[in-house]
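Trainee: Take a look at the following structure, please.
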Amino acid sequence: MLESHYYTGLVEAGCDEAGRGCLAGAVYAAAVILPPDYRNELLNDSKQLSERRRYELRTQIERDAVSWAVGIVGPEEIDKINILRASILAMHRALDQLQPRPEAVIVDGNRFQRWQDVPYTTIIKGDGKYLSIAAASILAKTYRDDYMLEQARRYPGYGWEQNKGYPTQQHRDAIRRLGTTPLHRMTYNLLGTQELSLDFGE
């Protein structure tokens, strides 16, 4: 069973992102404030759930949350500022939209930059430990998947319906055959031929 809160007695938002490791498309992040003592036994890290369950839970999260929001940073911005900064910026954009304003933030992973003057804690594998981070992971993942399905119709042939922009063999073969699109992250190792200097893992 996931924990409901890290900070006791504060309005706490959980944050997570989706799409860091993709070769194409925007990075999405979500921020979620859940009610005190919220319980949902089905909530878990989005990567541990089936697609159908993620979308079922998205409906529940949006219904039950005190507040939720999604932030987006596009591929051109990613290339300008790098994926780590872009992921954090997407989280900040999500947090900016929340009402009420969070009094504390918990973030999946180990990297973050302070948002406004609010205390924060980074939590490795937090999406498998805290409900609000798990909820944020589901919103970020499903809204990004929706976006990549839409982009797959605009740019057919790359298999984005299946790979969602991740570096699969199918995707890289399509880049070799078709070239790049305006959605490809040009600072990334698109063909898999170079050593990566950064960890772009999800």
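As shown in the structure tokens, the chain order sets the letters A, B, ...; within each chain, residues go from 1, and ligands are also counted from 1 in the order they appear.
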Can you list, as a PDB file with N, CA and C atoms, in the first residue's frame, every protein, DNA or RNA residue that comes within 10 Å of region 102-114 of chain A when you count only C-alpha atoms, leaving out same-chain residues fewer than 2 positions away?

Mentor:
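So part-v1.pdb came out as:
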ATOM      1  N   HIS A   5       1.130  10.595   2.407  1.00  0.00           N
ATOM      2  CA  HIS A   5       1.851  11.872   2.478  1.00  0.00           C
ATOM      3  C   HIS A   5       3.262  11.674   3.010  1.00  0.00           C
ATOM      4  N   TYR A   6       4.149  12.548   2.578  1.00  0.00           N
ATOM      5  CA  TYR A   6       5.499  12.633   3.125  1.00  0.00           C
ATOM      6  C   TYR A   6       5.552  13.727   4.187  1.00  0.00           C
ATOM      7  N   TYR A   7       4.960  14.893   3.861  1.00  0.00           N
ATOM      8  CA  TYR A   7       4.903  16.018   4.794  1.00  0.00           C
ATOM      9  C   TYR A   7       3.565  15.976   5.534  1.00  0.00           C
ATOM     10  N   THR A   8       3.611  15.999   6.839  1.00  0.00           N
ATOM     11  CA  THR A   8       2.388  15.943   7.637  1.00  0.00           C
ATOM     12  C   THR A   8       1.817  17.340   7.829  1.00  0.00           C
ATOM     13  N   GLY A   9       0.526  17.488   7.587  1.00  0.00           N
ATOM     14  CA  GLY A   9      -0.160  18.737   7.878  1.00  0.00           C
ATOM     15  C   GLY A   9       0.017  19.836   6.855  1.00  0.00           C
ATOM     16  N   LEU A  10       0.675  19.546   5.729  1.00  0.00           N
ATOM     17  CA  LEU A  10       0.870  20.545   4.680  1.00  0.00           C
ATOM     18  C   LEU A  10       0.106  20.138   3.422  1.00  0.00           C
ATOM     19  N   VAL A  11      -0.263  21.133   2.632  1.00  0.00           N
ATOM     20  CA  VAL A  11      -0.835  20.861   1.310  1.00  0.00           C
ATOM     21  C   VAL A  11       0.318  20.437   0.411  1.00  0.00           C
ATOM     22  N   GLU A  12       0.338  19.153   0.068  1.00  0.00           N
ATOM     23  CA  GLU A  12       1.493  18.559  -0.593  1.00  0.00           C
ATOM     24  C   GLU A  12       1.142  18.149  -2.021  1.00  0.00           C
ATOM     25  N   ALA A  13       2.006  18.497  -2.972  1.00  0.00           N
ATOM     26  CA  ALA A  13       1.834  18.078  -4.358  1.00  0.00           C
ATOM     27  C   ALA A  13       2.891  17.044  -4.709  1.00  0.00           C
ATOM     28  N   GLY A  14       2.462  15.992  -5.386  1.00  0.00           N
ATOM     29  CA  GLY A  14       3.388  15.012  -5.940  1.00  0.00           C
ATOM     30  C   GLY A  14       3.642  15.310  -7.400  1.00  0.00           C
ATOM     31  N   CYS A  15       4.895  15.128  -7.850  1.00  0.00           N
ATOM     32  CA  CYS A  15       5.270  15.416  -9.244  1.00  0.00           C
ATOM     33  C   CYS A  15       5.985  14.237  -9.876  1.00  0.00           C
ATOM     34  N   ASP A  16       5.731  14.045 -11.160  1.00  0.00           N
ATOM     35  CA  ASP A  16       6.490  13.081 -11.944  1.00  0.00           C
ATOM     36  C   ASP A  16       6.424  13.492 -13.406  1.00  0.00           C
ATOM     37  N   GLU A  17       7.313  12.910 -14.204  1.00  0.00           N
ATOM     38  CA  GLU A  17       7.372  13.255 -15.629  1.00  0.00           C
ATOM     39  C   GLU A  17       7.305  11.988 -16.474  1.00  0.00           C
ATOM     40  N   ALA A  31       1.474  17.383 -11.782  1.00  0.00           N
ATOM     41  CA  ALA A  31       1.499  17.679 -10.342  1.00  0.00           C
ATOM     42  C   ALA A  31       0.098  17.414  -9.803  1.00  0.00           C
ATOM     43  N   VAL A  32       0.027  16.738  -8.670  1.00  0.00           N
ATOM     44  CA  VAL A  32      -1.264  16.326  -8.116  1.00  0.00           C
ATOM     45  C   VAL A  32      -1.296  16.575  -6.615  1.00  0.00           C
ATOM     46  N   ILE A  33      -2.363  17.206  -6.161  1.00  0.00           N
ATOM     47  CA  ILE A  33      -2.659  17.320  -4.732  1.00  0.00           C
ATOM     48  C   ILE A  33      -3.849  16.405  -4.450  1.00  0.00           C
ATOM     49  N   SER A  67      -6.525  19.081  -6.615  1.00  0.00           N
ATOM     50  CA  SER A  67      -6.074  19.845  -7.782  1.00  0.00           C
ATOM     51  C   SER A  67      -5.081  18.999  -8.561  1.00  0.00           C
ATOM     52  N   LEU A  84      17.212  17.297 -18.601  1.00  0.00           N
ATOM     53  CA  LEU A  84      17.017  17.411 -17.156  1.00  0.00           C
ATOM     54  C   LEU A  84      16.324  18.724 -16.815  1.00  0.00           C
ATOM     55  N   ARG A  85      16.848  19.824 -17.348  1.00  0.00           N
ATOM     56  CA  ARG A  85      16.222  21.116 -17.072  1.00  0.00           C
ATOM     57  C   ARG A  85      14.813  21.171 -17.638  1.00  0.00           C
ATOM     58  N   SER A  87      12.709  18.659 -17.996  1.00  0.00           N
ATOM     59  CA  SER A  87      11.822  17.861 -17.142  1.00  0.00           C
ATOM     60  C   SER A  87      11.412  18.656 -15.897  1.00  0.00           C
ATOM     61  N   ILE A  88      12.381  19.351 -15.310  1.00  0.00           N
ATOM     62  CA  ILE A  88      12.086  20.160 -14.122  1.00  0.00           C
ATOM     63  C   ILE A  88      11.198  21.336 -14.490  1.00  0.00           C
ATOM     64  N   LEU A  89      11.457  21.962 -15.651  1.00  0.00           N
ATOM     65  CA  LEU A  89      10.618  23.066 -16.103  1.00  0.00           C
ATOM     66  C   LEU A  89       9.179  22.606 -16.325  1.00  0.00           C
ATOM     67  N   MET A  91       7.668  20.231 -14.726  1.00  0.00           N
ATOM     68  CA  MET A  91       7.085  20.095 -13.386  1.00  0.00           C
ATOM     69  C   MET A  91       6.712  21.462 -12.824  1.00  0.00           C
ATOM     70  N   HIS A  92       7.590  22.443 -12.989  1.00  0.00           N
ATOM     71  CA  HIS A  92       7.286  23.790 -12.506  1.00  0.00           C
ATOM     72  C   HIS A  92       6.036  24.335 -13.194  1.00  0.00           C
ATOM     73  N   LEU A  95       3.093  22.750 -11.546  1.00  0.00           N
ATOM     74  CA  LEU A  95       2.885  23.305 -10.207  1.00  0.00           C
ATOM     75  C   LEU A  95       2.292  24.708 -10.264  1.00  0.00           C
ATOM     76  N   ASP A  96       2.701  25.495 -11.255  1.00  0.00           N
ATOM     77  CA  ASP A  96       2.185  26.863 -11.391  1.00  0.00           C
ATOM     78  C   ASP A  96       0.664  26.903 -11.535  1.00  0.00           C
ATOM     79  N   LEU A  98      -1.595  24.825 -10.097  1.00  0.00           N
ATOM     80  CA  LEU A  98      -2.371  24.226  -9.009  1.00  0.00           C
ATOM     81  C   LEU A  98      -3.050  25.274  -8.142  1.00  0.00           C
ATOM     82  N   GLN A  99      -4.277  24.991  -7.781  1.00  0.00           N
ATOM     83  CA  GLN A  99      -5.035  25.762  -6.793  1.00  0.00           C
ATOM     84  C   GLN A  99      -5.706  24.773  -5.842  1.00  0.00           C
ATOM     85  N   PRO A 100      -5.424  24.821  -4.556  1.00  0.00           N
ATOM     86  CA  PRO A 100      -4.595  25.803  -3.858  1.00  0.00           C
ATOM     87  C   PRO A 100      -3.101  25.611  -4.143  1.00  0.00           C
ATOM     88  N   GLN A 116       9.467  28.169  -6.528  1.00  0.00           N
ATOM     89  CA  GLN A 116       9.148  29.303  -5.669  1.00  0.00           C
ATOM     90  C   GLN A 116       9.894  29.140  -4.338  1.00  0.00           C
ATOM     91  N   ASP A 117       9.220  29.305  -3.208  1.00  0.00           N
ATOM     92  CA  ASP A 117       9.918  29.180  -1.922  1.00  0.00           C
ATOM     93  C   ASP A 117       9.452  27.948  -1.155  1.00  0.00           C
ATOM     94  N   VAL A 118       8.958  26.959  -1.884  1.00  0.00           N
ATOM     95  CA  VAL A 118       8.296  25.807  -1.270  1.00  0.00           C
ATOM     96  C   VAL A 118       9.305  24.691  -0.985  1.00  0.00           C
ATOM     97  N   PRO A 119       9.285  24.099   0.197  1.00  0.00           N
ATOM     98  CA  PRO A 119      10.181  22.972   0.485  1.00  0.00           C
ATOM     99  C   PRO A 119       9.847  21.775  -0.398  1.00  0.00           C
ATOM    100  N   TYR A 120      10.893  21.002  -0.729  1.00  0.00           N
ATOM    101  CA  TYR A 120      10.648  19.830  -1.569  1.00  0.00           C
ATOM    102  C   TYR A 120      11.546  18.682  -1.124  1.00  0.00           C
ATOM    103  N   THR A 121      11.147  17.475  -1.513  1.00  0.00           N
ATOM    104  CA  THR A 121      11.944  16.277  -1.274  1.00  0.00           C
ATOM    105  C   THR A 121      11.917  15.425  -2.533  1.00  0.00           C
ATOM    106  N   THR A 122      13.086  14.977  -2.976  1.00  0.00           N
ATOM    107  CA  THR A 122      13.159  14.030  -4.084  1.00  0.00           C
ATOM    108  C   THR A 122      13.194  12.617  -3.504  1.00  0.00           C
ATOM    109  N   ILE A 123      12.497  11.703  -4.159  1.00  0.00           N
ATOM    110  CA  ILE A 123      12.344  10.346  -3.629  1.00  0.00           C
ATOM    111  C   ILE A 123      12.592   9.349  -4.764  1.00  0.00           C
ATOM    112  N   ILE A 124      13.667   8.574  -4.642  1.00  0.00           N
ATOM    113  CA  ILE A 124      13.960   7.549  -5.642  1.00  0.00           C
ATOM    114  C   ILE A 124      12.808   6.543  -5.665  1.00  0.00           C
ATOM    115  N   LYS A 125      12.320   6.260  -6.864  1.00  0.00           N
ATOM    116  CA  LYS A 125      11.182   5.353  -7.058  1.00  0.00           C
ATOM    117  C   LYS A 125       9.977   5.791  -6.235  1.00  0.00           C
ATOM    118  N   GLY A 126       9.822   7.117  -6.149  1.00  0.00           N
ATOM    119  CA  GLY A 126       8.713   7.676  -5.380  1.00  0.00           C
ATOM    120  C   GLY A 126       7.355   7.318  -5.937  1.00  0.00           C
ATOM    121  N   ASP A 127       7.300   7.011  -7.260  1.00  0.00           N
ATOM    122  CA  ASP A 127       6.013   6.658  -7.855  1.00  0.00           C
ATOM    123  C   ASP A 127       5.513   5.296  -7.385  1.00  0.00           C
ATOM    124  N   GLY A 128       6.384   4.533  -6.731  1.00  0.00           N
ATOM    125  CA  GLY A 128       5.966   3.275  -6.133  1.00  0.00           C
ATOM    126  C   GLY A 128       5.838   3.348  -4.622  1.00  0.00           C
ATOM    127  N   LYS A 129       5.949   4.592  -4.066  1.00  0.00           N
ATOM    128  CA  LYS A 129       5.921   4.771  -2.612  1.00  0.00           C
ATOM    129  C   LYS A 129       4.836   5.724  -2.138  1.00  0.00           C
ATOM    130  N   TYR A 130       4.545   6.763  -2.925  1.00  0.00           N
ATOM    131  CA  TYR A 130       3.606   7.804  -2.485  1.00  0.00           C
ATOM    132  C   TYR A 130       2.481   7.977  -3.504  1.00  0.00           C
ATOM    133  N   SER A 132       0.477  10.481  -4.321  1.00  0.00           N
ATOM    134  CA  SER A 132       0.405  11.663  -5.179  1.00  0.00           C
ATOM    135  C   SER A 132       1.427  11.592  -6.312  1.00  0.00           C
ATOM    136  N   ILE A 133       2.593  10.998  -6.060  1.00  0.00           N
ATOM    137  CA  ILE A 133       3.577  10.831  -7.134  1.00  0.00           C
ATOM    138  C   ILE A 133       3.087   9.783  -8.125  1.00  0.00           C
ATOM    139  N   ALA A 134       2.520   8.688  -7.621  1.00  0.00           N
ATOM    140  CA  ALA A 134       1.958   7.674  -8.513  1.00  0.00           C
ATOM    141  C   ALA A 134       0.865   8.279  -9.381  1.00  0.00           C
ATOM    142  N   ALA A 136       0.580  11.423 -10.256  1.00  0.00           N
ATOM    143  CA  ALA A 136       1.238  12.298 -11.232  1.00  0.00           C
ATOM    144  C   ALA A 136       1.869  11.486 -12.356  1.00  0.00           C
ATOM    145  N   SER A 137       2.442  10.339 -12.039  1.00  0.00           N
ATOM    146  CA  SER A 137       3.064   9.505 -13.070  1.00  0.00           C
ATOM    147  C   SER A 137       2.018   9.016 -14.067  1.00  0.00           C
ATOM    148  N   GLU A 202      14.091   6.693 -18.163  1.00  0.00           N
ATOM    149  CA  GLU A 202      12.768   7.158 -17.703  1.00  0.00           C
ATOM    150  C   GLU A 202      12.760   7.247 -16.191  1.00  0.00           C
TER     151      GLU A 202
END

Trainee: Quick one: residues within 8 Å of region 38-52 of chain A, only C-alpha atoms counted, chain neighbours fewer than 2 positions away excluded, as a PyMOL selection string?

Mentor: chain A and resi 1-2+4+34-36+54-57+127-128+131+134-135+137-138+141

Trainee: Restricting it to N, CA, C and O atoms, dump the selection as a PDB file, in the first residue's frame.

Mentor:
ATOM      1  N   MET A   1       0.845  -1.197   0.000  1.00  0.00           N
ATOM      2  CA  MET A   1       0.000   0.000   0.000  1.00  0.00           C
ATOM      3  C   MET A   1       0.886   1.255   0.000  1.00  0.00           C
ATOM      4  O   MET A   1       1.794   1.379   0.813  1.00  0.00           O
ATOM      5  N   LEU A   2       0.623   2.161  -0.890  1.00  0.00           N
ATOM      6  CA  LEU A   2       1.417   3.385  -0.980  1.00  0.00           C
ATOM      7  C   LEU A   2       1.060   4.342   0.158  1.00  0.00           C
ATOM      8  O   LEU A   2      -0.068   4.361   0.636  1.00  0.00           O
ATOM      9  N   SER A   4       0.232   7.965   1.923  1.00  0.00           N
ATOM     10  CA  SER A   4      -0.574   9.090   1.451  1.00  0.00           C
ATOM     11  C   SER A   4       0.217  10.396   1.437  1.00  0.00           C
ATOM     12  O   SER A   4       0.019  11.228   0.548  1.00  0.00           O
ATOM     13  N   LEU A  34      -3.654  15.432  -3.574  1.00  0.00           N
ATOM     14  CA  LEU A  34      -4.729  14.524  -3.187  1.00  0.00           C
ATOM     15  C   LEU A  34      -5.294  14.922  -1.824  1.00  0.00           C
ATOM     16  O   LEU A  34      -4.620  15.577  -1.030  1.00  0.00           O
ATOM     17  N   PRO A  35      -6.528  14.552  -1.528  1.00  0.00           N
ATOM     18  CA  PRO A  35      -7.108  14.874  -0.224  1.00  0.00           C
ATOM     19  C   PRO A  35      -6.319  14.210   0.909  1.00  0.00           C
ATOM     20  O   PRO A  35      -5.690  13.161   0.704  1.00  0.00           O
ATOM     21  N   PRO A  36      -6.353  14.793   2.109  1.00  0.00           N
ATOM     22  CA  PRO A  36      -5.717  14.147   3.262  1.00  0.00           C
ATOM     23  C   PRO A  36      -6.300  12.749   3.472  1.00  0.00           C
ATOM     24  O   PRO A  36      -7.504  12.534   3.298  1.00  0.00           O
ATOM     25  N   ARG A  54      -4.280   2.369 -16.514  1.00  0.00           N
ATOM     26  CA  ARG A  54      -3.812   3.761 -16.392  1.00  0.00           C
ATOM     27  C   ARG A  54      -4.927   4.747 -16.735  1.00  0.00           C
ATOM     28  O   ARG A  54      -5.132   5.743 -16.037  1.00  0.00           O
ATOM     29  N   TYR A  55      -5.639   4.476 -17.808  1.00  0.00           N
ATOM     30  CA  TYR A  55      -6.701   5.407 -18.223  1.00  0.00           C
ATOM     31  C   TYR A  55      -7.895   5.354 -17.261  1.00  0.00           C
ATOM     32  O   TYR A  55      -8.528   6.388 -17.003  1.00  0.00           O
ATOM     33  N   GLU A  56      -8.188   4.194 -16.718  1.00  0.00           N
ATOM     34  CA  GLU A  56      -9.233   4.104 -15.693  1.00  0.00           C
ATOM     35  C   GLU A  56      -8.850   4.934 -14.468  1.00  0.00           C
ATOM     36  O   GLU A  56      -9.675   5.671 -13.908  1.00  0.00           O
ATOM     37  N   LEU A  57      -7.586   4.815 -14.073  1.00  0.00           N
ATOM     38  CA  LEU A  57      -7.118   5.559 -12.902  1.00  0.00           C
ATOM     39  C   LEU A  57      -7.037   7.051 -13.177  1.00  0.00           C
ATOM     40  O   LEU A  57      -7.266   7.863 -12.272  1.00  0.00           O
ATOM     41  N   ASP A 127       7.300   7.011  -7.260  1.00  0.00           N
ATOM     42  CA  ASP A 127       6.013   6.658  -7.855  1.00  0.00           C
ATOM     43  C   ASP A 127       5.513   5.296  -7.385  1.00  0.00           C
ATOM     44  O   ASP A 127       4.355   4.955  -7.606  1.00  0.00           O
ATOM     45  N   GLY A 128       6.384   4.533  -6.731  1.00  0.00           N
ATOM     46  CA  GLY A 128       5.966   3.275  -6.133  1.00  0.00           C
ATOM     47  C   GLY A 128       5.838   3.348  -4.622  1.00  0.00           C
ATOM     48  O   GLY A 128       5.624   2.326  -3.959  1.00  0.00           O
ATOM     49  N   LEU A 131       1.265   8.069  -2.993  1.00  0.00           N
ATOM     50  CA  LEU A 131       0.088   8.118  -3.858  1.00  0.00           C
ATOM     51  C   LEU A 131       0.097   9.306  -4.813  1.00  0.00           C
ATOM     52  O   LEU A 131      -0.252   9.166  -5.985  1.00  0.00           O
ATOM     53  N   ALA A 134       2.520   8.688  -7.621  1.00  0.00           N
ATOM     54  CA  ALA A 134       1.958   7.674  -8.513  1.00  0.00           C
ATOM     55  C   ALA A 134       0.865   8.279  -9.381  1.00  0.00           C
ATOM     56  O   ALA A 134       0.790   8.010 -10.593  1.00  0.00           O
ATOM     57  N   ALA A 135       0.011   9.111  -8.783  1.00  0.00           N
ATOM     58  CA  ALA A 135      -1.052   9.771  -9.545  1.00  0.00           C
ATOM     59  C   ALA A 135      -0.458  10.675 -10.615  1.00  0.00           C
ATOM     60  O   ALA A 135      -0.923  10.691 -11.768  1.00  0.00           O
ATOM     61  N   SER A 137       2.442  10.339 -12.039  1.00  0.00           N
ATOM     62  CA  SER A 137       3.064   9.505 -13.070  1.00  0.00           C
ATOM     63  C   SER A 137       2.018   9.016 -14.067  1.00  0.00           C
ATOM     64  O   SER A 137       2.285   8.958 -15.281  1.00  0.00           O
ATOM     65  N   ILE A 138       0.827   8.697 -13.584  1.00  0.00           N
ATOM     66  CA  ILE A 138      -0.245   8.225 -14.465  1.00  0.00           C
ATOM     67  C   ILE A 138      -0.743   9.344 -15.362  1.00  0.00           C
ATOM     68  O   ILE A 138      -0.934   9.151 -16.575  1.00  0.00           O
ATOM     69  N   LYS A 141       2.027  10.187 -17.983  1.00  0.00           N
ATOM     70  CA  LYS A 141       2.165   9.119 -18.974  1.00  0.00           C
ATOM     71  C   LYS A 141       0.978   9.099 -19.936  1.00  0.00           C
ATOM     72  O   LYS A 141       1.165   9.018 -21.162  1.00  0.00           O
TER      73      LYS A 141
END

Trainee: If you run DSSP on this backbone, which residues of region 47-155 of chain A come out as strand (DSSP E or B), and could you give them as a PDB file with N, CA and C atoms, in the first residue's frame?

Mentor:
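Saved result, part28.pdb, follows:
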ATOM      1  N   SER A  67      -6.525  19.081  -6.615  1.00  0.00           N
ATOM      2  CA  SER A  67      -6.074  19.845  -7.782  1.00  0.00           C
ATOM      3  C   SER A  67      -5.081  18.999  -8.561  1.00  0.00           C
ATOM      4  N   TRP A  68      -5.084  19.161  -9.879  1.00  0.00           N
ATOM      5  CA  TRP A  68      -4.098  18.480 -10.715  1.00  0.00           C
ATOM      6  C   TRP A  68      -3.816  19.337 -11.936  1.00  0.00           C
ATOM      7  N   ALA A  69      -2.636  19.153 -12.508  1.00  0.00           N
ATOM      8  CA  ALA A  69      -2.265  19.915 -13.701  1.00  0.00           C
ATOM      9  C   ALA A  69      -1.148  19.188 -14.431  1.00  0.00           C
ATOM     10  N   VAL A  70      -1.028  19.511 -15.723  1.00  0.00           N
ATOM     11  CA  VAL A  70       0.006  18.935 -16.578  1.00  0.00           C
ATOM     12  C   VAL A  70       0.833  20.065 -17.182  1.00  0.00           C
ATOM     13  N   GLY A  71       2.155  19.911 -17.164  1.00  0.00           N
ATOM     14  CA  GLY A  71       3.069  20.865 -17.780  1.00  0.00           C
ATOM     15  C   GLY A  71       3.820  20.214 -18.925  1.00  0.00           C
ATOM     16  N   ILE A  72       4.150  20.997 -19.941  1.00  0.00           N
ATOM     17  CA  ILE A  72       4.743  20.462 -21.167  1.00  0.00           C
ATOM     18  C   ILE A  72       5.943  21.311 -21.578  1.00  0.00           C
ATOM     19  N   VAL A  73       7.009  20.645 -22.032  1.00  0.00           N
ATOM     20  CA  VAL A  73       8.146  21.318 -22.649  1.00  0.00           C
ATOM     21  C   VAL A  73       8.420  20.606 -23.970  1.00  0.00           C
ATOM     22  N   ALA A 104       4.216  22.149   0.013  1.00  0.00           N
ATOM     23  CA  ALA A 104       5.367  21.252  -0.061  1.00  0.00           C
ATOM     24  C   ALA A 104       5.238  20.439  -1.339  1.00  0.00           C
ATOM     25  N   VAL A 105       6.382  19.965  -1.835  1.00  0.00           N
ATOM     26  CA  VAL A 105       6.408  19.204  -3.085  1.00  0.00           C
ATOM     27  C   VAL A 105       7.254  17.952  -2.884  1.00  0.00           C
ATOM     28  N   ILE A 106       6.752  16.816  -3.374  1.00  0.00           N
ATOM     29  CA  ILE A 106       7.548  15.596  -3.417  1.00  0.00           C
ATOM     30  C   ILE A 106       7.670  15.169  -4.880  1.00  0.00           C
ATOM     31  N   VAL A 107       8.875  14.743  -5.250  1.00  0.00           N
ATOM     32  CA  VAL A 107       9.214  14.529  -6.656  1.00  0.00           C
ATOM     33  C   VAL A 107       9.824  13.148  -6.838  1.00  0.00           C
ATOM     34  N   ASP A 108       9.394  12.452  -7.876  1.00  0.00           N
ATOM     35  CA  ASP A 108      10.009  11.170  -8.201  1.00  0.00           C
ATOM     36  C   ASP A 108      11.426  11.401  -8.731  1.00  0.00           C
ATOM     37  N   TYR A 120      10.893  21.002  -0.729  1.00  0.00           N
ATOM     38  CA  TYR A 120      10.648  19.830  -1.569  1.00  0.00           C
ATOM     39  C   TYR A 120      11.546  18.682  -1.124  1.00  0.00           C
ATOM     40  N   THR A 121      11.147  17.475  -1.513  1.00  0.00           N
ATOM     41  CA  THR A 121      11.944  16.277  -1.274  1.00  0.00           C
ATOM     42  C   THR A 121      11.917  15.425  -2.533  1.00  0.00           C
ATOM     43  N   THR A 122      13.086  14.977  -2.976  1.00  0.00           N
ATOM     44  CA  THR A 122      13.159  14.030  -4.084  1.00  0.00           C
ATOM     45  C   THR A 122      13.194  12.617  -3.504  1.00  0.00           C
ATOM     46  N   ILE A 123      12.497  11.703  -4.159  1.00  0.00           N
ATOM     47  CA  ILE A 123      12.344  10.346  -3.629  1.00  0.00           C
ATOM     48  C   ILE A 123      12.592   9.349  -4.764  1.00  0.00           C
ATOM     49  N   TYR A 130       4.545   6.763  -2.925  1.00  0.00           N
ATOM     50  CA  TYR A 130       3.606   7.804  -2.485  1.00  0.00           C
ATOM     51  C   TYR A 130       2.481   7.977  -3.504  1.00  0.00           C
TER      52      TYR A 130
END

Trainee: Pro75 (chain A): which residues within 10 Å, counting only C-alpha atoms, same-chain residues fewer than 2 positions away excluded, as a ChimeraX atom specification?

Mentor: /A:23-27,72-73,77-80,82-83,86,182-187

Trainee: Suppose we keep C-alpha atoms; can you now write the selection as a JSON list (two decimals), in the first residue's frame?

Mentor:
[["chain", "number", "residue", "atom", "x", "y", "z"],
["A", 23, "LEU", "CA", 13.94, 10.51, -29.19],
["A", 24, "ALA", "CA", 10.94, 12.59, -30.27],
["A", 25, "GLY", "CA", 8.17, 14.70, -28.82],
["A", 26, "ALA", "CA", 7.64, 16.81, -25.76],
["A", 27, "VAL", "CA", 8.35, 15.88, -22.17],
["A", 72, "ILE", "CA", 4.74, 20.46, -21.17],
["A", 73, "VAL", "CA", 8.15, 21.32, -22.65],
["A", 77, "GLU", "CA", 13.13, 23.77, -25.75],
["A", 78, "ILE", "CA", 14.58, 20.39, -24.77],
["A", 79, "ASP", "CA", 17.37, 20.83, -27.31],
["A", 80, "LYS", "CA", 18.09, 24.34, -26.01],
["A", 82, "ASN", "CA", 18.77, 19.85, -22.03],
["A", 83, "ILE", "CA", 16.37, 17.16, -20.90],
["A", 86, "ALA", "CA", 13.28, 20.56, -19.41],
["A", 182, "PRO", "CA", 10.37, 18.67, -36.40],
["A", 183, "LEU", "CA", 9.55, 16.64, -33.26],
["A", 184, "HIS", "CA", 12.87, 14.81, -33.07],
["A", 185, "ARG", "CA", 15.30, 15.93, -30.35],
["A", 186, "MET", "CA", 18.35, 16.80, -32.40],
["A", 187, "THR", "CA", 20.71, 16.82, -29.42]]

Trainee: From a backbone DSSP assignment, name each residue in region 19-127 of chain A labelled alpha helix (DSSP H), as an MDAnalysis selection string.

Mentor: chainID A and resid 51:64 75:81 83:96

Trainee: Between CA of Thr193 (chain A) and CA of Glu76 (chain A), measure the distance and give it in Å to one decimal.

Mentor: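 Atom-to-atom, CA of Thr193 (chain A) and CA of Glu76 (chain A) are spaced 21.9 Å apart.
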
Trainee: Give me the residues near region 148-158 of chain A as a PyMOL selection string, where near means some atom within 6 Å (using only C-alpha atoms) and where sequence neighbours in that chain fewer than 4 positions away do not count.

Mentor: chain A and resi 164+171+174

Trainee: Just to be explicit: take each residue in the selection above, keep all heavy atoms, and write the result as a CSV table (one decimal), in the first residue's frame.

Mentor:
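New file result36.csv:
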chain,number,residue,atom,x,y,z
A,164,LYS,N,5.8,5.3,-28.9
A,164,LYS,CA,5.6,6.6,-28.2
A,164,LYS,C,6.8,7.5,-28.3
A,164,LYS,O,7.0,8.4,-27.5
A,164,LYS,CB,5.1,6.4,-26.8
A,164,LYS,CG,3.9,5.5,-26.6
A,164,LYS,CD,2.7,6.1,-27.3
A,164,LYS,CE,1.4,5.3,-26.9
A,164,LYS,NZ,1.4,3.9,-27.3
A,171,HIS,N,11.9,2.5,-34.4
A,171,HIS,CA,12.0,4.0,-34.5
A,171,HIS,C,13.3,4.4,-35.1
A,171,HIS,O,13.3,5.2,-36.1
A,171,HIS,CB,11.9,4.6,-33.1
A,171,HIS,CG,11.7,6.1,-33.1
A,171,HIS,ND1,11.5,6.8,-31.9
A,171,HIS,CD2,11.6,7.0,-34.1
A,171,HIS,CE1,11.4,8.1,-32.2
A,171,HIS,NE2,11.5,8.2,-33.5
A,174,ALA,N,13.3,3.7,-38.8
A,174,ALA,CA,12.5,4.7,-39.5
A,174,ALA,C,13.3,6.0,-39.7
A,174,ALA,O,13.1,6.7,-40.8
A,174,ALA,CB,11.2,4.9,-38.8

Trainee: Here is a test: counting only C-alpha atoms, which residue of A:Arg58, A:Gly21, A:Gln97, A:Glu3 is nearest to Thr142 (chain A)?

Mentor: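 Checking each candidate against Thr142 (chain A), we get A:Arg58 as the closest.
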